[in-house]
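Undergrad: Before I ask anything, let me first share the structure, which is written out below as structure tokens.
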Amino acid sequence: MTLVFAFPGLINVGMLLCLVIFMYAVLGLNVFTYVQPGEDMNEERNFVTFGNACLLLFQCLTGDGWSAIMDDAMINEERGCDPTPGDGGPSDCGSPLAMPFFISFTIFSFFSITR
């Protein structure tokens, strides 16, 4: 009987987490789409498509290697990216916004879970 009474609250927390993941996935698609693949942000876990972004953020939500993913999103010229490609395309470098992005996602998602 306790599960029946707790179910609406679980739905509310789940929908709040879905909203947080949706907002951060859209923001991540705008900021980190062209980041060069690394060890942790690779062809499967990246911000290239919305589905991949949601899965990557769900992995970060569980706490599994989110700091390594954040480090891959901050790649710069010293680590091998090209800030000004010759063909005029977008740069494959990361952004210093990765640190506030992932830290704020971790804080907001954990506050949503513990609500």
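Residue numbering restarts at 1 in every chain; chains get A, B, ... in the order shown in the structure tokens, and ligands count up from 1 in that same order.
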With segment 27-43 of chain A as the partner and 6 Å as the cut-off, tabulate the residues of segment 65-102 of chain A that qualify, each row holding the nearest pair of atoms and their distance in Å to one decimal, using only C-alpha atoms, sorted by chain and rising number, as a Markdown table.

TA:
| residue | atom | partner | partner_atom | distance |
| --- | --- | --- | --- | --- |
| A:Ile69 | CA | A:Asp40 | CA | 5.4 |
| A:Asp72 | CA | A:Gly38 | CA | 5.8 |
| A:Asp92 | CA | A:Val35 | CA | 4.5 |
| A:Cys93 | CA | A:Val35 | CA | 5.4 |
| A:Gly94 | CA | A:Val35 | CA | 5.3 |

Undergrad: So which bits of segment 3-112 of chain A end up helix (DSSP H, G or I) when you DSSP the backbone, as an NGL selection string?

TA: :A and (3-32 or 50-62 or 66-73 or 77-79 or 98-112)

Undergrad: With C-alpha atoms retained, write the just-selected residues as a PDB file, in the first residue's frame.

TA:
ATOM      1  CA  LEU A   3       4.046   1.982  -2.955  1.00  0.00           C
ATOM      2  CA  VAL A   4       0.612   3.077  -4.171  1.00  0.00           C
ATOM      3  CA  PHE A   5       0.802   6.256  -2.093  1.00  0.00           C
ATOM      4  CA  ALA A   6       4.415   6.960  -3.125  1.00  0.00           C
ATOM      5  CA  PHE A   7       3.834   6.436  -6.853  1.00  0.00           C
ATOM      6  CA  PRO A   8       2.605  10.008  -7.643  1.00  0.00           C
ATOM      7  CA  GLY A   9       5.675  11.432  -5.920  1.00  0.00           C
ATOM      8  CA  LEU A  10       7.946   9.137  -7.916  1.00  0.00           C
ATOM      9  CA  ILE A  11       6.275  10.293 -11.126  1.00  0.00           C
ATOM     10  CA  ASN A  12       6.841  13.935 -10.143  1.00  0.00           C
ATOM     11  CA  VAL A  13      10.536  13.386  -9.399  1.00  0.00           C
ATOM     12  CA  GLY A  14      10.973  11.399 -12.617  1.00  0.00           C
ATOM     13  CA  MET A  15       9.356  14.127 -14.704  1.00  0.00           C
ATOM     14  CA  LEU A  16      11.517  16.777 -13.011  1.00  0.00           C
ATOM     15  CA  LEU A  17      14.640  14.763 -13.871  1.00  0.00           C
ATOM     16  CA  CYS A  18      13.426  14.387 -17.466  1.00  0.00           C
ATOM     17  CA  LEU A  19      12.957  18.160 -17.669  1.00  0.00           C
ATOM     18  CA  VAL A  20      16.466  18.830 -16.313  1.00  0.00           C
ATOM     19  CA  ILE A  21      17.991  16.298 -18.731  1.00  0.00           C
ATOM     20  CA  PHE A  22      16.018  17.809 -21.636  1.00  0.00           C
ATOM     21  CA  MET A  23      17.187  21.357 -20.869  1.00  0.00           C
ATOM     22  CA  TYR A  24      20.829  20.375 -20.461  1.00  0.00           C
ATOM     23  CA  ALA A  25      20.736  18.137 -23.563  1.00  0.00           C
ATOM     24  CA  VAL A  26      19.531  21.035 -25.717  1.00  0.00           C
ATOM     25  CA  LEU A  27      22.168  23.337 -24.215  1.00  0.00           C
ATOM     26  CA  GLY A  28      24.851  20.672 -24.722  1.00  0.00           C
ATOM     27  CA  LEU A  29      23.817  20.236 -28.366  1.00  0.00           C
ATOM     28  CA  ASN A  30      24.357  23.950 -28.913  1.00  0.00           C
ATOM     29  CA  VAL A  31      27.722  24.148 -27.154  1.00  0.00           C
ATOM     30  CA  PHE A  32      29.440  20.753 -27.561  1.00  0.00           C
ATOM     31  CA  PHE A  50      19.584  14.536 -28.937  1.00  0.00           C
ATOM     32  CA  GLY A  51      19.354  10.850 -27.994  1.00  0.00           C
ATOM     33  CA  ASN A  52      23.095  10.546 -27.450  1.00  0.00           C
ATOM     34  CA  ALA A  53      23.060  13.745 -25.379  1.00  0.00           C
ATOM     35  CA  CYS A  54      20.283  12.390 -23.155  1.00  0.00           C
ATOM     36  CA  LEU A  55      22.121   9.092 -22.663  1.00  0.00           C
ATOM     37  CA  LEU A  56      25.379  10.888 -21.850  1.00  0.00           C
ATOM     38  CA  LEU A  57      23.597  13.097 -19.317  1.00  0.00           C
ATOM     39  CA  PHE A  58      21.885  10.068 -17.792  1.00  0.00           C
ATOM     40  CA  GLN A  59      25.330   8.522 -17.355  1.00  0.00           C
ATOM     41  CA  CYS A  60      26.481  11.741 -15.675  1.00  0.00           C
ATOM     42  CA  LEU A  61      23.348  11.633 -13.517  1.00  0.00           C
ATOM     43  CA  THR A  62      24.454   8.274 -12.133  1.00  0.00           C
ATOM     44  CA  TRP A  66      31.164  12.675 -15.335  1.00  0.00           C
ATOM     45  CA  SER A  67      34.427  14.443 -14.525  1.00  0.00           C
ATOM     46  CA  ALA A  68      36.252  12.584 -17.321  1.00  0.00           C
ATOM     47  CA  ILE A  69      33.487  13.533 -19.762  1.00  0.00           C
ATOM     48  CA  MET A  70      33.799  17.139 -18.580  1.00  0.00           C
ATOM     49  CA  ASP A  71      37.544  16.971 -19.192  1.00  0.00           C
ATOM     50  CA  ASP A  72      36.971  15.707 -22.746  1.00  0.00           C
ATOM     51  CA  ALA A  73      34.530  18.572 -23.374  1.00  0.00           C
ATOM     52  CA  GLU A  77      44.794  23.323 -28.901  1.00  0.00           C
ATOM     53  CA  GLU A  78      47.447  21.857 -26.596  1.00  0.00           C
ATOM     54  CA  ARG A  79      45.574  18.547 -26.616  1.00  0.00           C
ATOM     55  CA  ALA A  98      32.104  22.610 -19.819  1.00  0.00           C
ATOM     56  CA  MET A  99      33.033  23.034 -16.161  1.00  0.00           C
ATOM     57  CA  PRO A 100      30.011  25.147 -15.116  1.00  0.00           C
ATOM     58  CA  PHE A 101      27.777  23.057 -17.424  1.00  0.00           C
ATOM     59  CA  PHE A 102      28.608  19.685 -15.868  1.00  0.00           C
ATOM     60  CA  ILE A 103      28.923  20.923 -12.282  1.00  0.00           C
ATOM     61  CA  SER A 104      25.580  22.730 -12.415  1.00  0.00           C
ATOM     62  CA  PHE A 105      23.966  19.664 -14.050  1.00  0.00           C
ATOM     63  CA  THR A 106      25.304  17.464 -11.273  1.00  0.00           C
ATOM     64  CA  ILE A 107      24.065  19.823  -8.569  1.00  0.00           C
ATOM     65  CA  PHE A 108      20.601  20.332 -10.085  1.00  0.00           C
ATOM     66  CA  SER A 109      20.088  16.651 -10.808  1.00  0.00           C
ATOM     67  CA  PHE A 110      21.161  15.539  -7.326  1.00  0.00           C
ATOM     68  CA  PHE A 111      18.900  18.174  -5.753  1.00  0.00           C
ATOM     69  CA  SER A 112      16.050  16.843  -7.902  1.00  0.00           C
TER      70      SER A 112
END

Undergrad: Could you tell me how far atom CA of Pro96 of chain A lies from atom CA of Ile75 of chain A, in Å and to one decimal?

TA: 8.7 Å

Undergrad: Please, what distance in Å, to one decimal, runs between atom CA of Cys81 of chain A and atom CA of Asn46 of chain A?

TA: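 Interatomic distance, atom CA of Cys81 of chain A to atom CA of Asn46 of chain A: 16.1 Å.
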
Undergrad: Using Å and a single decimal, report how far atom CA of Ser91 of chain A sits from atom CA of Thr49 of chain A.

TA: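 These atoms are spaced 17.5 Å apart.
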